[in-house]
$ cat start.cif   # mmCIF, C-alpha atoms
data_entry
#
loop_
_atom_site.group_PDB
_atom_site.id
_atom_site.type_symbol
_atom_site.label_atom_id
_atom_site.label_comp_id
_atom_site.auth_asym_id
_atom_site.auth_seq_id
_atom_site.Cartn_x
_atom_site.Cartn_y
_atom_site.Cartn_z
ATOM 1 C CA MET A 1 124.032 -179.017 65.037
ATOM 2 C CA ALA A 2 127.629 -180.031 64.285
ATOM 3 C CA ARG A 3 129.289 -178.187 61.432
ATOM 4 C CA ARG A 4 129.939 -180.275 58.343
ATOM 5 C CA HIS A 5 133.632 -180.795 57.649
ATOM 6 C CA LEU A 6 134.933 -179.346 54.401
ATOM 7 C CA LEU A 7 138.203 -181.295 54.613
ATOM 8 C CA THR A 8 139.442 -184.495 56.194
ATOM 9 C CA ARG A 9 142.873 -186.030 56.716
ATOM 10 C CA GLU A 10 142.104 -188.559 53.988
ATOM 11 C CA MET A 11 141.242 -185.802 51.492
ATOM 12 C CA LEU A 12 144.600 -184.104 52.122
ATOM 13 C CA ALA A 13 146.668 -187.287 52.462
ATOM 14 C CA GLU A 14 148.635 -186.501 49.291
ATOM 15 C CA HIS A 15 149.809 -183.236 50.896
ATOM 16 C CA TYR A 16 150.700 -184.663 54.319
ATOM 17 C CA ASP A 17 152.022 -188.104 53.361
ATOM 18 C CA PRO A 18 154.783 -188.503 50.757
ATOM 19 C CA SER A 19 154.038 -190.511 47.641
ATOM 20 C CA LEU A 20 155.558 -193.984 47.274
ATOM 21 C CA ASP A 21 155.944 -193.637 43.515
ATOM 22 C CA GLU A 22 159.612 -194.189 42.574
ATOM 23 C CA ARG A 23 159.850 -190.991 40.560
ATOM 24 C CA GLU A 24 158.268 -188.949 43.347
ATOM 25 C CA ILE A 25 160.625 -190.487 45.911
ATOM 26 C CA ALA A 26 163.627 -189.614 43.741
ATOM 27 C CA ARG A 27 162.280 -186.104 43.231
ATOM 28 C CA HIS A 28 161.677 -185.221 46.868
ATOM 29 C CA PHE A 29 164.114 -187.413 48.792
ATOM 30 C CA THR A 30 167.390 -187.065 46.918
ATOM 31 C CA LEU A 31 170.062 -185.485 49.123
ATOM 32 C CA THR A 32 172.173 -182.655 47.744
ATOM 33 C CA ARG A 33 175.920 -182.288 48.160
ATOM 34 C CA ASP A 34 175.380 -179.693 50.911
ATOM 35 C CA ASP A 35 172.969 -182.065 52.653
ATOM 36 C CA LEU A 36 175.529 -184.881 52.622
ATOM 37 C CA GLU A 37 178.244 -182.623 54.035
ATOM 38 C CA LEU A 38 175.915 -181.458 56.830
ATOM 39 C CA ILE A 39 174.780 -184.994 57.640
ATOM 40 C CA ALA A 40 178.358 -186.299 57.640
ATOM 41 C CA SER A 41 179.090 -184.082 60.644
ATOM 42 C CA ARG A 42 176.769 -186.294 62.739
ATOM 43 C CA ARG A 43 178.127 -189.322 64.527
ATOM 44 C CA GLY A 44 176.634 -192.782 64.153
ATOM 45 C CA ASP A 45 174.555 -194.394 61.430
ATOM 46 C CA ALA A 46 171.283 -193.944 63.304
ATOM 47 C CA THR A 47 171.902 -190.251 63.926
ATOM 48 C CA ARG A 48 172.859 -189.577 60.296
ATOM 49 C CA LEU A 49 169.814 -191.409 58.948
ATOM 50 C CA GLY A 50 167.445 -189.693 61.382
ATOM 51 C CA TYR A 51 168.966 -186.278 60.699
ATOM 52 C CA ALA A 52 168.612 -186.824 56.939
ATOM 53 C CA MET A 53 164.966 -187.840 57.243
ATOM 54 C CA LEU A 54 164.172 -184.732 59.300
ATOM 55 C CA ILE A 55 165.798 -182.511 56.656
ATOM 56 C CA LEU A 56 163.874 -184.149 53.831
ATOM 57 C CA TYR A 57 160.491 -184.173 55.608
ATOM 58 C CA LEU A 58 160.834 -180.475 56.424
ATOM 59 C CA ARG A 59 161.167 -179.824 52.687
ATOM 60 C CA TRP A 60 158.513 -182.290 51.590
ATOM 61 C CA PRO A 61 155.788 -182.683 52.577
ATOM 62 C CA GLY A 62 156.757 -179.705 54.743
ATOM 63 C CA ARG A 63 156.177 -180.998 58.244
ATOM 64 C CA ALA A 64 158.097 -182.492 61.131
ATOM 65 C CA LEU A 65 158.313 -186.214 61.683
ATOM 66 C CA GLU A 66 156.244 -186.817 64.789
ATOM 67 C CA ALA A 67 157.363 -188.850 67.788
ATOM 68 C CA GLY A 68 156.903 -192.539 67.038
ATOM 69 C CA GLU A 69 156.271 -191.920 63.325
ATOM 70 C CA ALA A 70 158.306 -194.079 60.944
ATOM 71 C CA PRO A 71 158.825 -193.070 57.301
ATOM 72 C CA PRO A 72 157.553 -195.586 54.722
ATOM 73 C CA MET A 73 160.126 -198.292 54.055
ATOM 74 C CA PRO A 74 160.657 -197.442 50.331
ATOM 75 C CA ILE A 75 161.594 -193.876 51.298
ATOM 76 C CA LEU A 76 163.721 -194.978 54.235
ATOM 77 C CA ALA A 77 165.591 -197.473 52.064
ATOM 78 C CA PHE A 78 166.167 -194.880 49.315
ATOM 79 C CA VAL A 79 167.684 -192.381 51.769
ATOM 80 C CA ALA A 80 169.703 -195.084 53.554
ATOM 81 C CA ARG A 81 171.352 -196.131 50.273
ATOM 82 C CA GLN A 82 172.521 -192.568 49.704
ATOM 83 C CA LEU A 83 174.135 -192.542 53.155
ATOM 84 C CA ASP A 84 175.471 -196.101 52.873
ATOM 85 C CA VAL A 85 173.753 -197.132 56.113
ATOM 86 C CA SER A 86 171.164 -199.746 56.977
ATOM 87 C CA PRO A 87 167.475 -198.768 57.057
ATOM 88 C CA ALA A 88 167.227 -200.701 60.336
ATOM 89 C CA SER A 89 169.255 -197.905 61.958
ATOM 90 C CA TRP A 90 166.035 -195.882 62.100
ATOM 91 C CA ARG A 91 164.791 -197.950 65.048
ATOM 92 C CA ASP A 92 167.718 -196.798 67.167
ATOM 93 C CA TYR A 93 167.073 -193.156 66.255
ATOM 94 C CA ALA A 94 163.316 -193.397 66.892
ATOM 95 C CA ARG A 95 163.912 -194.453 70.519
ATOM 96 C CA ARG A 96 165.564 -191.104 71.344
ATOM 97 C CA ASP A 97 162.803 -188.492 71.099
ATOM 98 C CA GLU A 98 164.894 -185.846 72.879
ATOM 99 C CA THR A 99 167.478 -186.111 70.100
ATOM 100 C CA ARG A 100 164.724 -185.714 67.485
ATOM 101 C CA ARG A 101 163.451 -182.518 69.125
ATOM 102 C CA THR A 102 166.972 -181.103 69.390
ATOM 103 C CA HIS A 103 167.641 -181.833 65.710
ATOM 104 C CA LEU A 104 164.317 -180.267 64.676
ATOM 105 C CA ALA A 105 165.134 -177.075 66.552
ATOM 106 C CA ASP A 106 168.600 -176.967 64.972
ATOM 107 C CA LEU A 107 167.275 -177.552 61.444
ATOM 108 C CA SER A 108 164.475 -175.002 61.862
ATOM 109 C CA ARG A 109 167.025 -172.333 62.795
ATOM 110 C CA ARG A 110 169.376 -173.374 60.021
ATOM 111 C CA PHE A 111 166.798 -173.455 57.173
ATOM 112 C CA GLY A 112 164.290 -170.908 58.429
ATOM 113 C CA HIS A 113 161.320 -173.196 59.074
ATOM 114 C CA ARG A 114 158.715 -171.811 61.464
ATOM 115 C CA VAL A 115 155.891 -173.222 63.544
ATOM 116 C CA PHE A 116 152.466 -172.061 62.374
ATOM 117 C CA SER A 117 151.153 -169.070 64.365
ATOM 118 C CA ARG A 118 148.016 -166.940 64.632
ATOM 119 C CA ALA A 119 149.619 -164.228 62.499
ATOM 120 C CA ASP A 120 150.275 -166.806 59.788
ATOM 121 C CA PHE A 121 146.599 -167.806 59.939
ATOM 122 C CA HIS A 122 145.438 -164.272 59.139
ATOM 123 C CA ALA A 123 148.103 -163.837 56.468
ATOM 124 C CA LEU A 124 147.100 -167.041 54.701
ATOM 125 C CA VAL A 125 143.398 -166.150 54.862
ATOM 126 C CA ALA A 126 144.248 -162.865 53.110
ATOM 127 C CA PHE A 127 146.298 -164.831 50.558
ATOM 128 C CA ALA A 128 143.526 -167.371 49.900
ATOM 129 C CA MET A 129 140.549 -165.012 49.797
ATOM 130 C CA PRO A 130 141.020 -163.779 46.167
ATOM 131 C CA ILE A 131 141.652 -167.354 45.039
ATOM 132 C CA ALA A 132 138.485 -168.539 46.788
ATOM 133 C CA GLN A 133 136.437 -166.304 44.480
ATOM 134 C CA THR A 134 137.302 -168.522 41.518
ATOM 135 C CA THR A 135 138.169 -171.860 43.161
ATOM 136 C CA THR A 136 135.054 -173.676 44.307
ATOM 137 C CA GLN A 137 136.517 -176.999 45.487
ATOM 138 C CA PRO A 138 137.715 -176.827 49.127
ATOM 139 C CA SER A 139 140.352 -179.531 48.572
ATOM 140 C CA ARG A 140 141.858 -177.651 45.639
ATOM 141 C CA LEU A 141 141.944 -174.404 47.603
ATOM 142 C CA ALA A 142 143.530 -176.264 50.525
ATOM 143 C CA GLY A 143 146.237 -177.592 48.190
ATOM 144 C CA ILE A 144 147.069 -174.052 47.054
ATOM 145 C CA VAL A 145 147.242 -172.875 50.683
ATOM 146 C CA ILE A 146 149.525 -175.785 51.637
ATOM 147 C CA ASP A 147 151.857 -175.029 48.714
ATOM 148 C CA GLU A 148 152.044 -171.437 49.941
ATOM 149 C CA MET A 149 152.905 -172.677 53.440
ATOM 150 C CA ARG A 150 155.805 -174.650 51.985
ATOM 151 C CA ARG A 151 156.960 -171.594 50.068
ATOM 152 C CA ARG A 152 156.914 -169.579 53.305
ATOM 153 C CA ARG A 153 158.633 -172.473 55.133
ATOM 154 C CA LEU A 154 155.801 -172.904 57.594
ATOM 155 C CA LEU A 155 155.478 -176.322 59.174
ATOM 156 C CA LEU A 156 152.151 -177.819 58.137
ATOM 157 C CA PRO A 157 149.558 -177.454 60.917
ATOM 158 C CA PRO A 158 146.789 -180.014 61.575
ATOM 159 C CA VAL A 159 144.115 -180.442 58.913
ATOM 160 C CA THR A 160 141.599 -178.649 61.154
ATOM 161 C CA VAL A 161 143.678 -175.474 60.883
ATOM 162 C CA VAL A 162 143.864 -175.741 57.090
ATOM 163 C CA GLU A 163 140.105 -176.241 57.023
ATOM 164 C CA ALA A 164 139.627 -173.123 59.173
ATOM 165 C CA ILE A 165 141.732 -171.097 56.714
ATOM 166 C CA VAL A 166 139.740 -172.392 53.747
ATOM 167 C CA ARG A 167 136.415 -171.780 55.482
ATOM 168 C CA ARG A 168 137.337 -168.215 56.490
ATOM 169 C CA ALA A 169 138.696 -167.397 53.014
ATOM 170 C CA ARG A 170 135.524 -168.712 51.347
ATOM 171 C CA GLN A 171 133.370 -166.723 53.750
ATOM 172 C CA GLN A 172 135.284 -163.492 53.113
ATOM 173 C CA ALA A 173 135.214 -164.075 49.359
ATOM 174 C CA GLY A 174 131.437 -164.566 49.513
ATOM 175 C CA ASP A 175 130.990 -161.440 51.648
ATOM 176 C CA LEU A 176 133.025 -159.419 49.142
ATOM 177 C CA VAL A 177 130.877 -160.629 46.235
ATOM 178 C CA HIS A 178 127.717 -159.788 48.182
ATOM 179 C CA ASP A 179 129.010 -156.289 48.966
ATOM 180 C CA VAL A 180 129.909 -155.609 45.325
ATOM 181 C CA LEU A 181 126.536 -156.771 44.028
ATOM 182 C CA ALA A 182 124.277 -155.174 46.616
ATOM 183 C CA GLY A 183 126.318 -153.292 49.197
ATOM 184 C CA ASP A 184 125.542 -149.802 47.840
ATOM 185 C CA LEU A 185 121.846 -150.323 47.085
ATOM 186 C CA SER A 186 119.462 -147.810 48.651
ATOM 187 C CA LYS A 187 116.496 -148.799 50.791
ATOM 188 C CA PRO A 188 113.999 -148.293 47.925
ATOM 189 C CA GLU A 189 116.174 -150.428 45.642
ATOM 190 C CA ARG A 190 116.377 -153.185 48.248
ATOM 191 C CA ALA A 191 112.593 -153.008 48.710
ATOM 192 C CA THR A 192 112.163 -153.367 44.939
ATOM 193 C CA LEU A 193 114.315 -156.503 44.992
ATOM 194 C CA ASP A 194 112.389 -157.923 47.951
ATOM 195 C CA ALA A 195 109.159 -157.318 46.032
ATOM 196 C CA LEU A 196 110.263 -160.028 43.586
ATOM 197 C CA LEU A 197 109.502 -162.537 46.343
ATOM 198 C CA SER A 198 105.894 -161.373 46.762
ATOM 199 C CA ARG A 199 102.843 -162.798 44.979
ATOM 200 C CA ARG A 200 101.612 -161.368 41.657
ATOM 201 C CA ASP A 201 98.219 -159.920 42.553
ATOM 202 C CA ASP A 202 95.846 -162.846 42.927
ATOM 203 C CA LYS A 203 98.139 -165.240 41.067
ATOM 204 C CA GLY A 204 99.790 -168.063 42.953
ATOM 205 C CA ALA A 205 103.358 -167.538 41.648
ATOM 206 C CA THR A 206 105.795 -164.894 42.859
ATOM 207 C CA TRP A 207 107.234 -162.259 40.556
ATOM 208 C CA LEU A 208 110.565 -164.076 40.612
ATOM 209 C CA SER A 209 108.964 -167.371 39.551
ATOM 210 C CA TRP A 210 107.103 -165.535 36.785
ATOM 211 C CA LEU A 211 110.360 -164.067 35.509
ATOM 212 C CA ARG A 212 112.152 -167.403 35.709
ATOM 213 C CA ASN A 213 109.585 -169.223 33.572
ATOM 214 C CA PRO A 214 109.081 -167.275 30.351
ATOM 215 C CA PRO A 215 107.273 -168.784 27.332
ATOM 216 C CA LEU A 216 109.773 -170.116 24.809
ATOM 217 C CA SER A 217 107.625 -171.451 21.950
ATOM 218 C CA PRO A 218 107.832 -169.114 18.908
ATOM 219 C CA ALA A 219 104.601 -167.117 18.668
ATOM 220 C CA PRO A 220 103.833 -163.395 18.299
ATOM 221 C CA ARG A 221 101.953 -163.300 21.617
ATOM 222 C CA ASN A 222 104.937 -164.912 23.370
ATOM 223 C CA VAL A 223 107.229 -162.157 22.088
ATOM 224 C CA LEU A 224 105.008 -159.655 23.882
ATOM 225 C CA ARG A 225 105.121 -161.769 27.040
ATOM 226 C CA LEU A 226 108.904 -161.892 26.923
ATOM 227 C CA ILE A 227 109.121 -158.124 26.412
ATOM 228 C CA GLU A 228 106.777 -157.627 29.374
ATOM 229 C CA ARG A 229 109.142 -159.629 31.572
ATOM 230 C CA LEU A 230 112.176 -157.839 30.182
ATOM 231 C CA ASP A 231 110.634 -154.445 30.959
ATOM 232 C CA HIS A 232 109.934 -155.589 34.525
ATOM 233 C CA VAL A 233 113.556 -156.666 35.014
ATOM 234 C CA ARG A 234 114.931 -153.449 33.538
ATOM 235 C CA ALA A 235 112.748 -151.458 35.908
ATOM 236 C CA LEU A 236 114.857 -152.859 38.760
ATOM 237 C CA GLY A 237 117.682 -150.556 37.621
ATOM 238 C CA LEU A 238 120.478 -153.115 38.008
ATOM 239 C CA ALA A 239 123.500 -152.184 35.904
ATOM 240 C CA ALA A 240 125.409 -155.048 34.306
ATOM 241 C CA SER A 241 128.625 -153.290 35.381
ATOM 242 C CA ARG A 242 128.080 -154.669 38.894
ATOM 243 C CA ALA A 243 128.840 -158.143 37.622
ATOM 244 C CA ALA A 244 131.877 -156.908 35.684
ATOM 245 C CA THR A 245 133.689 -155.872 38.870
ATOM 246 C CA ILE A 246 133.950 -159.437 40.217
ATOM 247 C CA PRO A 247 135.464 -162.555 38.614
ATOM 248 C CA GLN A 248 133.147 -164.165 36.089
ATOM 249 C CA THR A 249 133.343 -167.490 37.915
ATOM 250 C CA ALA A 250 132.189 -165.878 41.162
ATOM 251 C CA PHE A 251 129.268 -164.176 39.443
ATOM 252 C CA ASP A 252 128.269 -167.361 37.607
ATOM 253 C CA ARG A 253 128.264 -169.244 40.901
ATOM 254 C CA ILE A 254 125.912 -166.820 42.655
ATOM 255 C CA ALA A 255 123.739 -166.455 39.532
ATOM 256 C CA ASP A 256 123.389 -170.232 39.330
ATOM 257 C CA GLU A 257 122.443 -170.251 43.004
ATOM 258 C CA ALA A 258 119.828 -167.589 42.264
ATOM 259 C CA ALA A 259 118.348 -169.822 39.538
ATOM 260 C CA ARG A 260 118.115 -172.867 41.828
ATOM 261 C CA ILE A 261 116.967 -171.513 45.167
ATOM 262 C CA THR A 262 113.235 -171.200 45.803
ATOM 263 C CA PRO A 263 111.632 -167.803 46.567
ATOM 264 C CA GLN A 264 110.510 -169.152 49.962
ATOM 265 C CA HIS A 265 114.075 -170.097 50.879
ATOM 266 C CA LEU A 266 115.401 -166.804 49.534
ATOM 267 C CA ALA A 267 113.085 -164.878 51.835
ATOM 268 C CA GLU A 268 114.663 -166.574 54.865
ATOM 269 C CA LEU A 269 118.261 -165.635 54.022
ATOM 270 C CA PRO A 270 120.138 -162.757 55.720
ATOM 271 C CA ASP A 271 119.541 -159.387 54.070
ATOM 272 C CA ARG A 272 122.988 -158.942 52.527
ATOM 273 C CA ARG A 273 123.083 -162.378 50.962
ATOM 274 C CA ARG A 274 119.438 -162.241 49.836
ATOM 275 C CA HIS A 275 119.839 -158.891 48.102
ATOM 276 C CA ALA A 276 123.076 -159.997 46.412
ATOM 277 C CA ILE A 277 121.416 -163.157 45.078
ATOM 278 C CA LEU A 278 118.404 -161.182 43.851
ATOM 279 C CA ALA A 279 120.693 -158.645 42.182
ATOM 280 C CA ALA A 280 122.578 -161.439 40.434
ATOM 281 C CA ALA A 281 119.244 -162.966 39.411
ATOM 282 C CA GLY A 282 118.105 -159.650 37.944
ATOM 283 C CA ILE A 283 121.303 -159.152 35.945
ATOM 284 C CA ARG A 284 121.259 -162.718 34.626
ATOM 285 C CA LEU A 285 117.524 -162.574 33.841
ATOM 286 C CA GLU A 286 117.969 -159.405 31.807
ATOM 287 C CA GLU A 287 120.639 -161.168 29.750
ATOM 288 C CA SER A 288 118.641 -164.373 29.279
ATOM 289 C CA LEU A 289 115.355 -162.603 28.483
ATOM 290 C CA THR A 290 117.067 -160.365 25.932
ATOM 291 C CA ASP A 291 118.580 -163.446 24.296
ATOM 292 C CA ALA A 292 115.184 -165.163 24.383
ATOM 293 C CA VAL A 293 113.475 -162.244 22.633
ATOM 294 C CA LEU A 294 116.122 -162.119 19.900
ATOM 295 C CA THR A 295 116.060 -165.903 19.457
ATOM 296 C CA MET A 296 112.276 -165.965 19.204
ATOM 297 C CA MET A 297 112.298 -163.106 16.670
ATOM 298 C CA ASP A 298 114.845 -165.029 14.580
ATOM 299 C CA LYS A 299 112.637 -168.117 14.663
ATOM 300 C CA LEU A 300 109.522 -166.145 13.739
ATOM 301 C CA LEU A 301 111.288 -164.355 10.872
ATOM 302 C CA GLY A 302 112.658 -167.659 9.642
ATOM 303 C CA SER A 303 109.193 -169.198 9.774
ATOM 304 C CA MET A 304 107.700 -166.244 7.855
ATOM 305 C CA MET A 305 110.412 -166.465 5.222
ATOM 306 C CA ARG A 306 109.828 -170.184 4.776
ATOM 307 C CA ARG A 307 106.077 -169.625 4.366
ATOM 308 C CA ALA A 308 106.708 -166.826 1.861
ATOM 309 C CA GLU A 309 109.098 -169.031 -0.088
ATOM 310 C CA ASN A 310 106.565 -171.852 -0.107
ATOM 311 C CA ARG A 311 103.793 -169.520 -1.345
ATOM 312 C CA THR A 312 106.060 -168.158 -4.063
ATOM 313 C CA LYS A 313 107.020 -171.678 -5.061
ATOM 314 C CA ASP A 314 103.376 -172.800 -5.179
ATOM 315 C CA LYS A 315 102.426 -169.728 -7.238
ATOM 316 C CA ALA A 316 105.245 -170.366 -9.687
ATOM 317 C CA ILE A 317 104.206 -174.003 -10.089
ATOM 318 C CA GLY A 318 100.602 -172.912 -10.700
ATOM 319 C CA THR A 319 101.704 -170.409 -13.356
ATOM 320 C CA ILE A 320 103.825 -173.014 -15.138
ATOM 321 C CA ARG A 321 100.951 -175.474 -15.199
ATOM 322 C CA SER A 322 98.606 -172.796 -16.592
ATOM 323 C CA LEU A 323 101.065 -171.959 -19.382
ATOM 324 C CA GLN A 324 101.556 -175.610 -20.204
ATOM 325 C CA ALA A 325 97.820 -176.051 -20.469
ATOM 326 C CA GLN A 326 97.503 -173.069 -22.874
ATOM 327 C CA LEU A 327 100.437 -174.315 -24.965
ATOM 328 C CA ARG A 328 98.819 -177.731 -25.291
#

$ encode --input "start.cif" --output "structure tokens"
Amino acid sequence: MARRHLLTREMLAEHYDPSLDEREIARHFTLTRDDLELIASRRGDATRLGYAMLILYLRWPGRALEAGEAPPMPILAFVARQLDVSPASWRDYARRDETRRTHLADLSRRFGHRVFSRADFHALVAFAMPIAQTTTQPSRLAGIVIDEMRRRRLLLPPVTVVEAIVRRARQQAGDLVHDVLAGDLSKPERATLDALLSRRDDKGATWLSWLRNPPLSPAPRNVLRLIERLDHVRALGLAASRAATIPQTAFDRIADEAARITPQHLAELPDRRRHAILAAAGIRLEESLTDAVLTMMDKLLGSMMRRAENRTKDKAIGTIRSLQAQLR
């Protein structure tokens, strides 16, 4: 089965293709004094315009103009006005691809731009992995990675490479979370977690389903049922400090997954991921069941106080009526 794409060229168009907004054009395509002096050393209008566009594209969006690629006319006209040349000069420059390659090599040496390499791939995965723990949207993570490439003066690679970086960073971030939550559990502790996916005696539901569906209507018998579930969760021996060692967003994500996924699906997952999800479920269930017990006790106490107040009020009204009758 083909792997689903996390990113497409259209999703990252704002990072690969310059904006045509006037303010954005002025921001990214205004030549500096040093740029103008460097460009002035080139002969011919076409060469100066082409050289200027290569300089500006290397800075933003951070890639080389490809062979046969023409910059959008608003950008070309804006740069041409700064050089006092005609935008039509670009056609003469575009016909000489050898000149374009020579200029790119010269500018890369001059400004320190580098072609993306395998070493850069591993370095950017290491950079993105901590961010992937808290950033769930692939496109947002890709934008952060692309900004880092510009900072390092790396020429933007194809979108497939950026997607590979994002995918690897997300995978490593997930593996790290799984290791923190369940990596040091002993075999008996893992067996105890797996027992949550088994059936409760002759009942149809699993232990995990039983824990997930506590009674919530205020009643004394339901308090006992909640405490029974809470005792079962605490018997798992999962310290809340496990969740404190990873970003809250990362823990919330895996805990939410634990609340959604069915016990049957959980049983089919790889051991490391399954035990991490069950550990997150246990920690979150202990929190929610504790809150549920306290909330139900508050409701019951409030109900008892209201009944006591009503009885006192009724007794006082009865006493007043009795006195009024005697006075009459």

$ closest_residue --input "start.cif" --among "A:Arg253, A:Ala52, A:Pro74, A:His122" --to "A:Leu104" --atoms "only C-alpha atoms"
A:Ala52

$ residues_around --input "start.cif" --residues "A:Met296" --least-positions-apart "5" --cutoff "10 Å" --atoms "all atoms listed in the file" --output "list in words"
Pro215, Leu216, Ser217, Pro218, Ala219, Pro220, Asn222, Val223, Leu226, Thr290, Asp291, Leu301 and Gly302 of chain A

$ atom_distance --input "start.cif" --atom1 "atom CA of A:Thr206" --atom2 "atom CA of A:Lys187"
20.9 Å

$ closest_residue --input "start.cif" --among "A:Val115, A:Leu56, A:Ala13, A:Leu83" --to "A:Met149" --atoms "all atoms listed in the file"
A:Val115

$ closest_residue --input "start.cif" --among "A:Leu285, A:Ala126, A:Ala182, A:Val85" --to "A:Val166" --atoms "only C-alpha atoms"
A:Ala126

$ resolve_selection --input "start.cif" --expression "the PyMOL selection byres ((chain A and resi 129) around 7)" --output "list in words"
Val125, Ala126, Phe127, Ala128, Pro130, Ile131, Ala132, Gln133, Ala169, Arg170, Gln172 and Ala173 of chain A

$ closest_residue --input "start.cif" --among "A:Gly318, A:Pro247, A:Pro18, A:Gly183" --to "A:Arg274" --atoms "only C-alpha atoms"
A:Gly183

$ resolve_selection --input "start.cif" --expression "the PyMOL selection byres ((chain A and resi 157) around 10)" --output "PyMOL selection string"
chain A and resi 16+62-64+115-117+146+149+154-156+158-162

$ resolve_selection --input "start.cif" --expression "the PyMOL selection byres ((chain A and resi 24-41) around 12)" --output "short mmCIF file (atom, residue, chain, number, x, y, z; two decimals) with C-alpha atoms, in the coordinates of the input"
data_model
loop_
_atom_site.label_atom_id
_atom_site.label_comp_id
_atom_site.auth_asym_id
_atom_site.auth_seq_id
_atom_site.Cartn_x
_atom_site.Cartn_y
_atom_site.Cartn_z
CA GLU A 14 148.64 -186.50 49.29
CA ASP A 17 152.02 -188.10 53.36
CA PRO A 18 154.78 -188.50 50.76
CA SER A 19 154.04 -190.51 47.64
CA LEU A 20 155.56 -193.98 47.27
CA ASP A 21 155.94 -193.64 43.52
CA GLU A 22 159.61 -194.19 42.57
CA ARG A 23 159.85 -190.99 40.56
CA ARG A 42 176.77 -186.29 62.74
CA ARG A 43 178.13 -189.32 64.53
CA GLY A 44 176.63 -192.78 64.15
CA ASP A 45 174.56 -194.39 61.43
CA ALA A 46 171.28 -193.94 63.30
CA THR A 47 171.90 -190.25 63.93
CA ARG A 48 172.86 -189.58 60.30
CA LEU A 49 169.81 -191.41 58.95
CA GLY A 50 167.44 -189.69 61.38
CA TYR A 51 168.97 -186.28 60.70
CA ALA A 52 168.61 -186.82 56.94
CA MET A 53 164.97 -187.84 57.24
CA LEU A 54 164.17 -184.73 59.30
CA ILE A 55 165.80 -182.51 56.66
CA LEU A 56 163.87 -184.15 53.83
CA TYR A 57 160.49 -184.17 55.61
CA LEU A 58 160.83 -180.48 56.42
CA ARG A 59 161.17 -179.82 52.69
CA TRP A 60 158.51 -182.29 51.59
CA PRO A 61 155.79 -182.68 52.58
CA GLY A 62 156.76 -179.70 54.74
CA PRO A 71 158.82 -193.07 57.30
CA PRO A 72 157.55 -195.59 54.72
CA MET A 73 160.13 -198.29 54.06
CA PRO A 74 160.66 -197.44 50.33
CA ILE A 75 161.59 -193.88 51.30
CA LEU A 76 163.72 -194.98 54.24
CA ALA A 77 165.59 -197.47 52.06
CA PHE A 78 166.17 -194.88 49.32
CA VAL A 79 167.68 -192.38 51.77
CA ALA A 80 169.70 -195.08 53.55
CA ARG A 81 171.35 -196.13 50.27
CA GLN A 82 172.52 -192.57 49.70
CA LEU A 83 174.14 -192.54 53.16
CA ASP A 84 175.47 -196.10 52.87
CA VAL A 85 173.75 -197.13 56.11
CA HIS A 103 167.64 -181.83 65.71
CA ASP A 106 168.60 -176.97 64.97
CA LEU A 107 167.28 -177.55 61.44
CA ARG A 110 169.38 -173.37 60.02
CA PHE A 111 166.80 -173.46 57.17
#

$ atom_distance --input "start.cif" --atom1 "atom CA of A:Ala164" --atom2 "atom CA of A:Pro138"
10.9 Å

$ closest_residue --input "start.cif" --among "A:Asn213, A:Arg151, A:Arg307, A:Arg273" --to "A:Val180" --atoms "only C-alpha atoms"
A:Arg273

$ closest_residue --input "start.cif" --among "A:Ala105, A:Leu185, A:Ala67, A:Leu141" --to "A:Ile165" --atoms "all atoms listed in the file"
A:Leu141

$ axis_aligned_box --input "start.cif" --around "stretch 283-301 of chain A" --padding-each-side "3 Å" --output "JSON"
{"center_x": 115.4, "center_y": -163.6, "center_z": 23.4, "size_x": 17.8, "size_y": 15.0, "size_z": 31.1}

$ atom_distance --input "start.cif" --atom1 "atom CA of A:Phe121" --atom2 "atom CA of A:Glu10"
22.1 Å

$ residues_around --input "start.cif" --residues "A:Glu286" --least-positions-apart "6" --cutoff "7 Å" --atoms "all atoms listed in the file" --output "list in words"
Leu230, Val233 and Arg234 of chain A
